[in-house]
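**Student:** This is work.cif, which holds mmCIF, C-alpha atoms:
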data_upload
#
loop_
_atom_site.group_PDB
_atom_site.id
_atom_site.type_symbol
_atom_site.label_atom_id
_atom_site.label_comp_id
_atom_site.auth_asym_id
_atom_site.auth_seq_id
_atom_site.Cartn_x
_atom_site.Cartn_y
_atom_site.Cartn_z
ATOM 1 C CA MET A 1 111.022 84.377 80.312
ATOM 2 C CA VAL A 2 108.580 87.012 81.531
ATOM 3 C CA SER A 3 108.838 90.154 79.418
ATOM 4 C CA ALA A 4 105.479 91.962 79.632
ATOM 5 C CA PRO A 5 105.653 94.837 82.169
ATOM 6 C CA ASP A 6 102.404 93.741 83.820
ATOM 7 C CA LEU A 7 103.842 90.259 84.358
ATOM 8 C CA GLN A 8 106.995 91.283 86.167
ATOM 9 C CA PRO A 9 107.867 88.896 89.009
ATOM 10 C CA LEU A 10 105.679 89.698 91.996
ATOM 11 C CA ALA A 11 106.207 89.469 95.753
ATOM 12 C CA ILE A 12 102.983 89.000 97.716
ATOM 13 C CA VAL A 13 103.273 90.147 101.332
ATOM 14 C CA ALA A 14 100.666 87.777 102.733
ATOM 15 C CA GLY A 15 98.387 88.296 105.709
ATOM 16 C CA ASP A 16 95.178 86.676 106.919
ATOM 17 C CA GLY A 17 92.154 86.082 104.718
ATOM 18 C CA ASP A 18 91.505 84.816 101.204
ATOM 19 C CA LEU A 19 93.134 87.630 99.218
ATOM 20 C CA PRO A 20 96.755 86.390 99.274
ATOM 21 C CA GLN A 21 95.679 82.954 98.042
ATOM 22 C CA LEU A 22 93.552 84.479 95.271
ATOM 23 C CA LEU A 23 96.526 86.514 94.065
ATOM 24 C CA ALA A 24 98.858 83.516 94.206
ATOM 25 C CA GLU A 25 96.356 81.491 92.180
ATOM 26 C CA GLU A 26 96.127 84.292 89.604
ATOM 27 C CA CYS A 27 99.914 84.307 89.276
ATOM 28 C CA GLN A 28 99.879 80.555 88.737
ATOM 29 C CA ARG A 29 97.096 80.838 86.166
ATOM 30 C CA SER A 30 98.863 83.575 84.210
ATOM 31 C CA GLY A 31 102.337 82.053 84.474
ATOM 32 C CA ARG A 32 103.654 84.969 86.469
ATOM 33 C CA ASP A 33 106.680 84.359 88.702
ATOM 34 C CA PHE A 34 105.818 85.109 92.334
ATOM 35 C CA VAL A 35 106.969 84.626 95.880
ATOM 36 C CA LEU A 36 105.069 84.855 99.153
ATOM 37 C CA VAL A 37 106.568 86.976 101.917
ATOM 38 C CA LEU A 38 105.502 85.388 105.204
ATOM 39 C CA PHE A 39 106.355 87.031 108.483
ATOM 40 C CA ALA A 40 107.420 84.964 111.481
ATOM 41 C CA GLY A 41 104.650 82.899 113.028
ATOM 42 C CA PHE A 42 102.409 82.995 109.950
ATOM 43 C CA SER A 43 102.330 79.920 107.698
ATOM 44 C CA PRO A 44 98.816 78.912 106.511
ATOM 45 C CA ASP A 45 98.315 75.487 104.959
ATOM 46 C CA TRP A 46 97.612 76.850 101.467
ATOM 47 C CA THR A 47 101.203 78.143 101.232
ATOM 48 C CA ILE A 48 102.702 74.633 101.405
ATOM 49 C CA GLY A 49 104.711 73.911 98.275
ATOM 50 C CA LEU A 50 104.734 77.554 97.098
ATOM 51 C CA PRO A 51 107.832 79.782 96.883
ATOM 52 C CA VAL A 52 108.286 81.638 100.165
ATOM 53 C CA ILE A 53 110.548 84.259 101.714
ATOM 54 C CA ARG A 54 110.511 84.103 105.519
ATOM 55 C CA ALA A 55 110.695 87.556 107.078
ATOM 56 C CA GLU A 56 110.926 89.243 110.456
ATOM 57 C CA PHE A 57 109.587 92.720 111.118
ATOM 58 C CA GLU A 58 112.771 93.654 112.973
ATOM 59 C CA LYS A 59 115.059 92.563 110.104
ATOM 60 C CA PRO A 60 113.957 94.313 106.892
ATOM 61 C CA ALA A 61 117.511 94.239 105.429
ATOM 62 C CA ARG A 62 117.338 90.454 105.065
ATOM 63 C CA MET A 63 113.921 90.644 103.384
ATOM 64 C CA PHE A 64 114.939 93.332 100.888
ATOM 65 C CA LYS A 65 118.109 91.427 100.030
ATOM 66 C CA ALA A 66 116.082 88.260 99.338
ATOM 67 C CA LEU A 67 113.615 90.172 97.143
ATOM 68 C CA LYS A 68 116.332 91.818 95.070
ATOM 69 C CA THR A 69 118.373 88.641 94.747
ATOM 70 C CA GLY A 70 115.275 86.836 93.509
ATOM 71 C CA GLY A 71 114.529 89.565 90.962
ATOM 72 C CA PHE A 72 111.295 90.692 92.633
ATOM 73 C CA ARG A 73 110.946 94.403 91.885
ATOM 74 C CA ALA A 74 107.175 94.578 92.390
ATOM 75 C CA VAL A 75 105.216 93.898 95.559
ATOM 76 C CA THR A 76 101.596 93.827 96.652
ATOM 77 C CA PHE A 77 100.231 93.734 100.190
ATOM 78 C CA ALA A 78 97.369 91.288 100.666
ATOM 79 C CA GLY A 79 95.369 90.293 103.707
ATOM 80 C CA ALA A 80 94.990 91.554 107.247
ATOM 81 C CA MET A 81 98.100 91.825 109.365
ATOM 82 C CA GLN A 82 98.289 92.682 113.043
ATOM 83 C CA ARG A 83 100.673 95.386 114.194
ATOM 84 C CA PRO A 84 103.649 93.500 115.573
ATOM 85 C CA GLN A 85 105.025 93.543 119.082
ATOM 86 C CA LEU A 86 108.518 94.676 118.154
ATOM 87 C CA ARG A 87 111.638 93.305 119.871
ATOM 88 C CA PRO A 88 114.244 96.111 119.941
ATOM 89 C CA LEU A 89 117.132 93.746 120.672
ATOM 90 C CA LYS A 90 116.537 92.102 117.271
ATOM 91 C CA PHE A 91 116.539 95.316 115.197
ATOM 92 C CA ASP A 92 118.956 95.139 112.272
ATOM 93 C CA TRP A 93 120.864 98.127 110.907
ATOM 94 C CA LYS A 94 118.172 98.965 108.349
ATOM 95 C CA PHE A 95 115.391 98.960 110.945
ATOM 96 C CA LEU A 96 117.473 101.290 113.099
ATOM 97 C CA ARG A 97 117.784 103.659 110.137
ATOM 98 C CA LEU A 98 114.047 103.457 109.444
ATOM 99 C CA ALA A 99 112.934 103.699 113.078
ATOM 100 C CA PRO A 100 112.681 107.518 113.335
ATOM 101 C CA THR A 101 110.135 107.495 110.498
ATOM 102 C CA LEU A 102 108.498 104.090 110.893
ATOM 103 C CA LEU A 103 107.859 103.964 114.634
ATOM 104 C CA PRO A 104 105.859 107.230 114.823
ATOM 105 C CA ALA A 105 103.847 106.133 111.776
ATOM 106 C CA MET A 106 102.939 102.829 113.464
ATOM 107 C CA LYS A 107 101.361 104.828 116.295
ATOM 108 C CA SER A 108 99.029 106.528 113.790
ATOM 109 C CA GLY A 109 96.157 105.176 111.703
ATOM 110 C CA ASP A 110 96.465 102.397 109.142
ATOM 111 C CA ASP A 111 96.641 104.806 106.210
ATOM 112 C CA VAL A 112 99.624 106.701 107.630
ATOM 113 C CA THR A 113 101.384 103.431 108.491
ATOM 114 C CA LEU A 114 100.845 101.954 105.036
ATOM 115 C CA ARG A 115 101.923 105.127 103.244
ATOM 116 C CA THR A 116 105.153 105.011 105.212
ATOM 117 C CA ILE A 117 105.732 101.333 104.420
ATOM 118 C CA THR A 118 104.962 101.986 100.750
ATOM 119 C CA ALA A 119 107.545 104.769 100.675
ATOM 120 C CA ILE A 120 110.122 102.442 102.247
ATOM 121 C CA PHE A 121 109.609 99.781 99.567
ATOM 122 C CA GLU A 122 109.753 102.411 96.825
ATOM 123 C CA SER A 123 113.005 103.784 98.244
ATOM 124 C CA GLU A 124 114.399 100.273 97.743
ATOM 125 C CA GLY A 125 113.469 100.387 94.060
ATOM 126 C CA ILE A 126 110.471 98.068 94.499
ATOM 127 C CA GLU A 127 107.199 99.067 92.824
ATOM 128 C CA VAL A 128 104.061 98.759 94.965
ATOM 129 C CA LEU A 129 100.988 97.405 93.155
ATOM 130 C CA GLY A 130 97.401 97.198 94.314
ATOM 131 C CA ALA A 131 95.708 93.798 94.528
ATOM 132 C CA HIS A 132 93.342 94.995 91.793
ATOM 133 C CA ASP A 133 96.355 95.711 89.562
ATOM 134 C CA VAL A 134 97.127 91.991 89.766
ATOM 135 C CA LEU A 135 93.532 90.761 89.506
ATOM 136 C CA ALA A 136 91.229 93.422 88.058
ATOM 137 C CA THR A 137 88.050 91.377 88.589
ATOM 138 C CA LEU A 138 88.370 91.909 92.348
ATOM 139 C CA LEU A 139 86.808 95.379 92.191
ATOM 140 C CA ALA A 140 83.115 95.577 93.091
ATOM 141 C CA PRO A 141 80.799 96.116 90.118
ATOM 142 C CA SER A 142 78.123 98.806 90.058
ATOM 143 C CA GLY A 143 74.482 98.050 90.782
ATOM 144 C CA VAL A 144 72.437 95.462 92.675
ATOM 145 C CA GLN A 145 74.048 92.039 92.305
ATOM 146 C CA THR A 146 71.526 89.917 94.184
ATOM 147 C CA VAL A 147 67.975 88.625 94.030
ATOM 148 C CA ALA A 148 67.087 90.708 97.093
ATOM 149 C CA LYS A 149 66.315 94.336 96.217
ATOM 150 C CA LEU A 150 66.417 97.545 98.236
ATOM 151 C CA SER A 151 63.656 99.630 99.757
ATOM 152 C CA LYS A 152 63.675 103.430 99.935
ATOM 153 C CA ALA A 153 64.547 103.071 103.614
ATOM 154 C CA ASP A 154 67.555 100.905 102.713
ATOM 155 C CA TRP A 155 68.769 103.561 100.266
ATOM 156 C CA ALA A 156 68.398 106.227 102.942
ATOM 157 C CA ASP A 157 70.488 104.120 105.322
ATOM 158 C CA ILE A 158 73.126 103.650 102.620
ATOM 159 C CA ARG A 159 73.423 107.392 102.018
ATOM 160 C CA ARG A 160 73.847 108.039 105.731
ATOM 161 C CA GLY A 161 76.191 105.067 106.146
ATOM 162 C CA PHE A 162 78.432 106.271 103.338
ATOM 163 C CA ASP A 163 78.582 109.757 104.840
ATOM 164 C CA ILE A 164 79.513 108.349 108.265
ATOM 165 C CA ALA A 165 82.122 105.953 106.873
ATOM 166 C CA GLU A 166 83.619 108.747 104.785
ATOM 167 C CA ALA A 167 83.874 111.010 107.837
ATOM 168 C CA ALA A 168 85.558 108.257 109.866
ATOM 169 C CA GLY A 169 87.897 107.531 106.966
ATOM 170 C CA ARG A 170 88.911 111.170 106.736
ATOM 171 C CA LEU A 171 90.240 110.792 110.293
ATOM 172 C CA ASP A 172 91.999 107.503 109.348
ATOM 173 C CA VAL A 173 89.757 105.549 111.739
ATOM 174 C CA GLY A 174 88.126 102.921 109.516
ATOM 175 C CA GLN A 175 86.406 102.123 106.249
ATOM 176 C CA GLY A 176 82.889 101.123 107.218
ATOM 177 C CA ALA A 177 79.747 101.808 109.202
ATOM 178 C CA VAL A 178 76.428 100.112 109.989
ATOM 179 C CA VAL A 179 73.238 102.155 109.840
ATOM 180 C CA ALA A 180 69.646 101.052 110.494
ATOM 181 C CA GLN A 181 66.614 103.343 110.337
ATOM 182 C CA GLY A 182 68.989 106.305 110.193
ATOM 183 C CA ILE A 183 70.745 105.304 113.417
ATOM 184 C CA CYS A 184 74.463 104.561 113.328
ATOM 185 C CA LEU A 185 74.809 101.199 115.083
ATOM 186 C CA ALA A 186 78.590 101.005 114.711
ATOM 187 C CA VAL A 187 81.643 102.535 113.038
ATOM 188 C CA GLU A 188 84.604 100.395 112.007
ATOM 189 C CA SER A 189 87.864 101.037 113.848
ATOM 190 C CA ILE A 190 91.145 99.190 114.352
ATOM 191 C CA GLN A 191 89.331 95.958 115.327
ATOM 192 C CA GLY A 192 87.955 95.558 111.779
ATOM 193 C CA THR A 193 84.666 94.682 110.094
ATOM 194 C CA ASP A 194 84.128 91.276 111.702
ATOM 195 C CA GLU A 195 84.338 92.688 115.225
ATOM 196 C CA MET A 196 82.057 95.587 114.253
ATOM 197 C CA LEU A 197 79.420 93.172 112.972
ATOM 198 C CA ARG A 198 79.701 91.019 116.096
ATOM 199 C CA PHE A 199 79.085 94.166 118.146
ATOM 200 C CA VAL A 200 75.981 94.955 116.077
ATOM 201 C CA ALA A 201 74.754 91.371 116.474
ATOM 202 C CA ASP A 202 75.069 91.717 120.252
ATOM 203 C CA THR A 203 73.681 95.233 120.689
ATOM 204 C CA GLY A 204 71.876 96.410 117.556
ATOM 205 C CA ALA A 205 68.360 95.114 118.197
ATOM 206 C CA ALA A 206 67.706 97.594 121.026
ATOM 207 C CA PHE A 207 68.298 100.556 118.706
ATOM 208 C CA ARG A 208 65.984 99.537 115.845
ATOM 209 C CA LEU A 209 63.023 101.545 117.046
ATOM 210 C CA ASP A 210 60.561 100.185 114.464
ATOM 211 C CA ASN A 211 60.393 96.386 114.518
ATOM 212 C CA ASN A 212 58.939 96.482 111.008
ATOM 213 C CA GLY A 213 61.394 99.058 109.700
ATOM 214 C CA ALA A 214 64.676 98.774 107.821
ATOM 215 C CA ARG A 215 66.999 96.168 109.331
ATOM 216 C CA GLY A 216 70.183 98.017 108.462
ATOM 217 C CA VAL A 217 73.096 98.062 106.037
ATOM 218 C CA LEU A 218 76.833 97.499 106.245
ATOM 219 C CA CYS A 219 78.502 100.244 104.197
ATOM 220 C CA LYS A 220 82.151 100.034 103.087
ATOM 221 C CA LEU A 221 84.249 102.435 101.038
ATOM 222 C CA PRO A 222 87.869 103.623 100.826
ATOM 223 C CA LYS A 223 89.087 106.446 103.021
ATOM 224 C CA PRO A 224 89.169 109.862 101.320
ATOM 225 C CA GLY A 225 92.579 110.397 99.768
ATOM 226 C CA GLN A 226 93.629 106.810 100.476
ATOM 227 C CA ASP A 227 96.381 105.232 98.391
ATOM 228 C CA TRP A 228 94.376 102.565 96.572
ATOM 229 C CA ARG A 229 97.406 100.323 96.219
ATOM 230 C CA THR A 230 97.222 99.351 99.880
ATOM 231 C CA ASP A 231 94.415 98.273 102.186
ATOM 232 C CA LEU A 232 91.365 98.773 99.983
ATOM 233 C CA PRO A 233 88.336 97.572 101.956
ATOM 234 C CA SER A 234 87.165 94.083 101.082
ATOM 235 C CA ILE A 235 84.192 91.778 101.503
ATOM 236 C CA GLY A 236 83.513 88.120 100.786
ATOM 237 C CA PRO A 237 81.101 85.301 101.619
ATOM 238 C CA ALA A 238 82.062 85.460 105.294
ATOM 239 C CA THR A 239 81.034 89.131 105.349
ATOM 240 C CA MET A 240 77.556 88.135 104.206
ATOM 241 C CA GLU A 241 77.328 85.524 106.936
ATOM 242 C CA ALA A 242 78.388 88.053 109.557
ATOM 243 C CA ALA A 243 75.924 90.652 108.210
ATOM 244 C CA ALA A 244 73.108 88.112 108.434
ATOM 245 C CA LYS A 245 74.029 87.252 112.033
ATOM 246 C CA ALA A 246 73.948 90.995 112.778
ATOM 247 C CA GLY A 247 70.351 91.105 111.506
ATOM 248 C CA LEU A 248 71.121 93.368 108.550
ATOM 249 C CA ALA A 249 69.275 93.570 105.245
ATOM 250 C CA GLY A 250 72.390 93.792 103.127
ATOM 251 C CA VAL A 251 75.767 95.236 102.223
ATOM 252 C CA ALA A 252 76.559 98.349 100.173
ATOM 253 C CA VAL A 253 80.054 99.046 98.856
ATOM 254 C CA GLN A 254 81.644 101.691 96.692
ATOM 255 C CA ALA A 255 81.524 100.437 93.111
ATOM 256 C CA GLY A 256 85.063 100.078 91.794
ATOM 257 C CA GLY A 257 86.552 100.936 95.195
ATOM 258 C CA VAL A 258 86.069 97.774 97.273
ATOM 259 C CA LEU A 259 87.536 94.316 96.716
ATOM 260 C CA VAL A 260 85.071 91.429 96.478
ATOM 261 C CA LEU A 261 86.919 88.217 97.267
ATOM 262 C CA GLY A 262 85.030 85.874 94.996
ATOM 263 C CA LEU A 263 82.110 87.808 93.494
ATOM 264 C CA GLU A 264 80.162 84.735 92.375
ATOM 265 C CA GLN A 265 80.527 83.031 95.750
ATOM 266 C CA THR A 266 79.716 86.238 97.640
ATOM 267 C CA VAL A 267 76.540 86.846 95.627
ATOM 268 C CA ALA A 268 75.525 83.197 96.042
ATOM 269 C CA LYS A 269 75.958 83.463 99.813
ATOM 270 C CA ALA A 270 73.958 86.705 99.897
ATOM 271 C CA ASP A 271 71.153 85.086 97.886
ATOM 272 C CA GLU A 272 71.175 82.066 100.178
ATOM 273 C CA LEU A 273 70.793 84.350 103.208
ATOM 274 C CA GLY A 274 68.276 86.712 101.595
ATOM 275 C CA LEU A 275 70.606 89.721 101.731
ATOM 276 C CA PHE A 276 71.244 92.337 99.074
ATOM 277 C CA LEU A 277 74.659 93.352 97.760
ATOM 278 C CA VAL A 278 74.929 96.629 95.875
ATOM 279 C CA GLY A 279 77.787 98.618 94.375
ATOM 280 C CA VAL A 280 77.117 102.333 94.734
ATOM 281 C CA GLY A 281 78.760 105.141 92.783
ATOM 282 C CA ARG A 282 81.114 107.444 94.677
ATOM 283 C CA ASP A 283 83.754 109.869 93.453
ATOM 284 C CA ASP A 284 87.100 108.104 93.326
ATOM 285 C CA PRO A 285 90.584 109.671 93.441
ATOM 286 C CA SER A 286 90.732 109.912 89.632
ATOM 287 C CA GLY A 287 87.466 111.850 89.462
ATOM 288 C CA ASN A 288 85.420 109.027 87.960
ATOM 289 C CA THR A 289 82.010 108.040 89.294
ATOM 290 C CA GLY A 290 79.988 104.862 89.219
ATOM 291 C CA GLY A 291 76.277 104.372 88.809
ATOM 292 C CA ALA A 292 73.639 102.607 90.854
ATOM 293 C CA THR A 293 71.822 105.215 92.882
ATOM 294 C CA PRO A 294 68.027 104.953 93.092
#
Spit out the file's structure as structure tokens when you get a sec.
**Tutor:**
Amino acid sequence: MVSAPDLQPLAIVAGDGDLPQLLAEECQRSGRDFVLVLFAGFSPDWTIGLPVIRAEFEKPARMFKALKTGGFRAVTFAGAMQRPQLRPLKFDWKFLRLAPTLLPAMKSGDDVTLRTITAIFESEGIEVLGAHDVLATLLAPSGVQTVAKLSKADWADIRRGFDIAEAAGRLDVGQGAVVAQGICLAVESIQGTDEMLRFVADTGAAFRLDNNGARGVLCKLPKPGQDWRTDLPSIGPATMEAAAKAGLAGVAVQAGGVLVLGLEQTVAKADELGLFLVGVGRDDPSGNTGGATP
């Protein structure tokens, strides 16, 4: 029987990417009871043989009943999930009750949408946990993690990139930016980091005015005032591959404020590609700061 508060049975609302699988594996390792909540049309191979609740966006009553019946009073949201194309004829009674609040929120930024969804789960008596509450080692450490080091020009690009990403985050637009030689090559929006880096790969070369100058940096950090339990920015080995294809010198993230999906593998990939990875201090919502500024 699970008795420790931090090992209460956990529901993992699973989306795309490696994070849901990492959390499921941590639950298995620690002996924590868990269930995966998979919405219609999503069933990756790694979920085969694991406990699952099938859900539909239009029928939240059925999902909440299954969670409560199974004793799952804690939930975490993991992985990217597209905004659904809702089918009004399938709305259940609970969705109809939630619609006046939920539908306007879904037409806003991700942060507003997720705050609303968090409040809905909490109103059902279900505690919302951050992925880092389940697996603390996910949070990016402070300092340079790679063989590749940073030039003064790289640090200047990081400072500007963080300022730009923070400004975009304040408007609930995105959580990242790419800067090279002081020029903002891209700002993350609803399409996400991968699409932003593909855009830089296609267009960035023309805006690097000095062919021998800084190649550029992907900067990622949480939005100001963001609820850290949901949608913290994340990186992984694939991010390093995409950054290399975009011609960048490296990746800078907020230390303690960005999820690294497999730190050892991510650093190894960065080293293989000759990129740097650095965790940079930034004020977090609790008033703490990290280190790692030049």
**Student:** The PyMOL selection byres ((chain A and resi 218-226) around 7) on the file shown: which residues, as a list in words?
**Tutor:** Asp111, Ile158, Gly161, Phe162, Glu166, Gly169, Arg170, Gln175, Gly176, Ala177, Val178, Val179, Val217, Asp227, Trp228, Leu232, Pro233, Gly250, Val251, Ala252, Val253, Gln254, Gly257, Val258 and Pro285 of chain A
**Student:** Atom CA of A:Pro20 and atom CA of A:Arg32 are how many Å apart?
**Tutor:**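 These atoms are spaced 14.6 Å apart.
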**Student:** I need the output of the PyMOL selection byres ((chain A and resi 275) around 8) for this file as a tab-separated table (two decimals) with C-alpha atoms, keeping the file's coordinate frame; which residues are they?
**Tutor:**
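part-v4.tsv, freshly written:
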chain	number	residue	atom	x	y	z
A	146	THR	CA	71.53	89.92	94.18
A	148	ALA	CA	67.09	90.71	97.09
A	240	MET	CA	77.56	88.14	104.21
A	244	ALA	CA	73.11	88.11	108.43
A	248	LEU	CA	71.12	93.37	108.55
A	249	ALA	CA	69.28	93.57	105.24
A	250	GLY	CA	72.39	93.79	103.13
A	251	VAL	CA	75.77	95.24	102.22
A	270	ALA	CA	73.96	86.70	99.90
A	271	ASP	CA	71.15	85.09	97.89
A	272	GLU	CA	71.18	82.07	100.18
A	273	LEU	CA	70.79	84.35	103.21
A	274	GLY	CA	68.28	86.71	101.60
A	276	PHE	CA	71.24	92.34	99.07
A	277	LEU	CA	74.66	93.35	97.76
**Student:** Smallest atom-to-atom distance to A:Ala268: which of A:Gly256, A:Gly281, A:Pro237, A:Pro141, using only C-alpha atoms?
**Tutor:** A:Pro237
**Student:** Calculate how many Å separate atom CA of A:Leu263 from atom CA of A:Val280, rounding to one decimal.
**Tutor:**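 One can read the atom CA of A:Leu263 to atom CA of A:Val280 distance as 15.4 Å.
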**Student:** Write out as a short mmCIF file (atom, residue, chain, number, x, y, z; two decimals) with C-alpha atoms, keeping the file's coordinate frame which residues come within 10 Å of A:Ala78 when counting all atoms listed in the file, dropping same-chain ones fewer than 4 positions away.
**Tutor:**
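Result saved to result-v4.cif:
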data_model
loop_
_atom_site.label_atom_id
_atom_site.label_comp_id
_atom_site.auth_asym_id
_atom_site.auth_seq_id
_atom_site.Cartn_x
_atom_site.Cartn_y
_atom_site.Cartn_z
CA ILE A 12 102.98 89.00 97.72
CA VAL A 13 103.27 90.15 101.33
CA ALA A 14 100.67 87.78 102.73
CA GLY A 15 98.39 88.30 105.71
CA ASP A 16 95.18 86.68 106.92
CA GLY A 17 92.15 86.08 104.72
CA ASP A 18 91.50 84.82 101.20
CA LEU A 19 93.13 87.63 99.22
CA PRO A 20 96.76 86.39 99.27
CA GLN A 21 95.68 82.95 98.04
CA LEU A 22 93.55 84.48 95.27
CA LEU A 23 96.53 86.51 94.06
CA GLY A 130 97.40 97.20 94.31
CA ALA A 131 95.71 93.80 94.53
CA THR A 230 97.22 99.35 99.88
CA ASP A 231 94.42 98.27 102.19
CA LEU A 232 91.36 98.77 99.98
#
**Student:** What does the distance between atom CA of A:Leu197 and atom CA of A:Ala242 come to in Å, to one decimal place?
**Tutor:**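 These atoms are spaced 6.2 Å apart.
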**Student:** Can you work out which one of A:Pro44, A:Arg54, A:Gly216, A:Ala140 has the shortest atom-to-atom distance to A:Ala201, counting only C-alpha atoms?
**Tutor:**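 Using only C-alpha atoms, A:Ala201 sits closest to A:Gly216.
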**Student:** For A:Lys59, work out the shell of residues within 7 Å, counting only C-alpha atoms and skipping chain neighbours fewer than 4 positions away, then give it as a compact mmCIF listing (two decimals) with C-alpha atoms, in the coordinates of the input.
**Tutor:**
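What follows is the written file selection_17.txt:
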# COMPACT_ATOMS: atom_id res chain seq x y z
CA PHE A 91 116.54 95.32 115.20
CA ASP A 92 118.96 95.14 112.27
CA PHE A 95 115.39 98.96 110.94
**Student:** Within 8 Å of stretch 205-212 of chain A, which residues of stretch 121-199 of chain A show up? Give each one with its shortest atom-to-atom distance in Å (one decimal) and the two atoms involved, counting only C-alpha atoms, rows by chain then rising residue number, as a tab-separated table.
**Tutor:**
residue	atom	partner	partner_atom	distance
A:Ala180	CA	A:Arg208	CA	6.7
A:Gln181	CA	A:Arg208	CA	6.7
A:Ile183	CA	A:Phe207	CA	7.5
A:Leu185	CA	A:Phe207	CA	7.5
**Student:** Write a file of the just-selected residues containing C-alpha atoms, as a compact mmCIF listing (two decimals), in the frame of the given file.
**Tutor:**
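The resulting again.txt:
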# COMPACT_ATOMS: atom_id res chain seq x y z
CA ALA A 180 69.65 101.05 110.49
CA GLN A 181 66.61 103.34 110.34
CA ILE A 183 70.74 105.30 113.42
CA LEU A 185 74.81 101.20 115.08
**Student:** Find the spatial neighbours of A:Ser123, counting all atoms listed in the file, within a cut-off of 12 Å - ignore same-chain residues fewer than 6 positions away - and output them as a list in words.
**Tutor:**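 These residues fall inside the cut-off: Phe64, Arg73, Leu98, Thr116 and Ile117 of chain A.
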**Student:** I'd like the contact shell of A:Ser234 - 8 Å cut-off, only C-alpha atoms, skipping same-chain residues fewer than 3 positions apart - returned as a list in words.
**Tutor:**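 Everything that qualifies: Val258, Leu259, Val260 and Leu261 of chain A.
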**Student:** Could you check the closest approach to A:Glu264 for each of A:Arg87, A:Leu138, A:Glu26, A:Val37 and tell me which residue wins, using all atoms listed in the file?
**Tutor:**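 Closest residue, counting all atoms listed in the file: A:Leu138.
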**Student:** Would you mind listing what lies within 9 Å of A:Gly174 as a PyMOL selection string, with only C-alpha atoms counted and same-chain residues fewer than 6 positions away left out?
**Tutor:** chain A and resi 109-110+165-166+168+187-190+192-193+222-223
**Student:** So which one's closest to A:Pro9, A:Val75, A:Ala61, A:Leu139, A:Ala246? Using only C-alpha atoms, please.
**Tutor:** A:Val75
**Student:** Which residue, A:Ala40, A:Ala255, A:Ala24, A:Ala99, has the smallest gap to A:Ser142 when you use only C-alpha atoms?
**Tutor:** A:Ala255
**Student:** Compare A:Val112, A:Gln85, A:Val128, A:Glu58 by their minimum atom-to-atom distance to A:Gln8, counting only C-alpha atoms, and give me the closest one.
**Tutor:** A:Val128
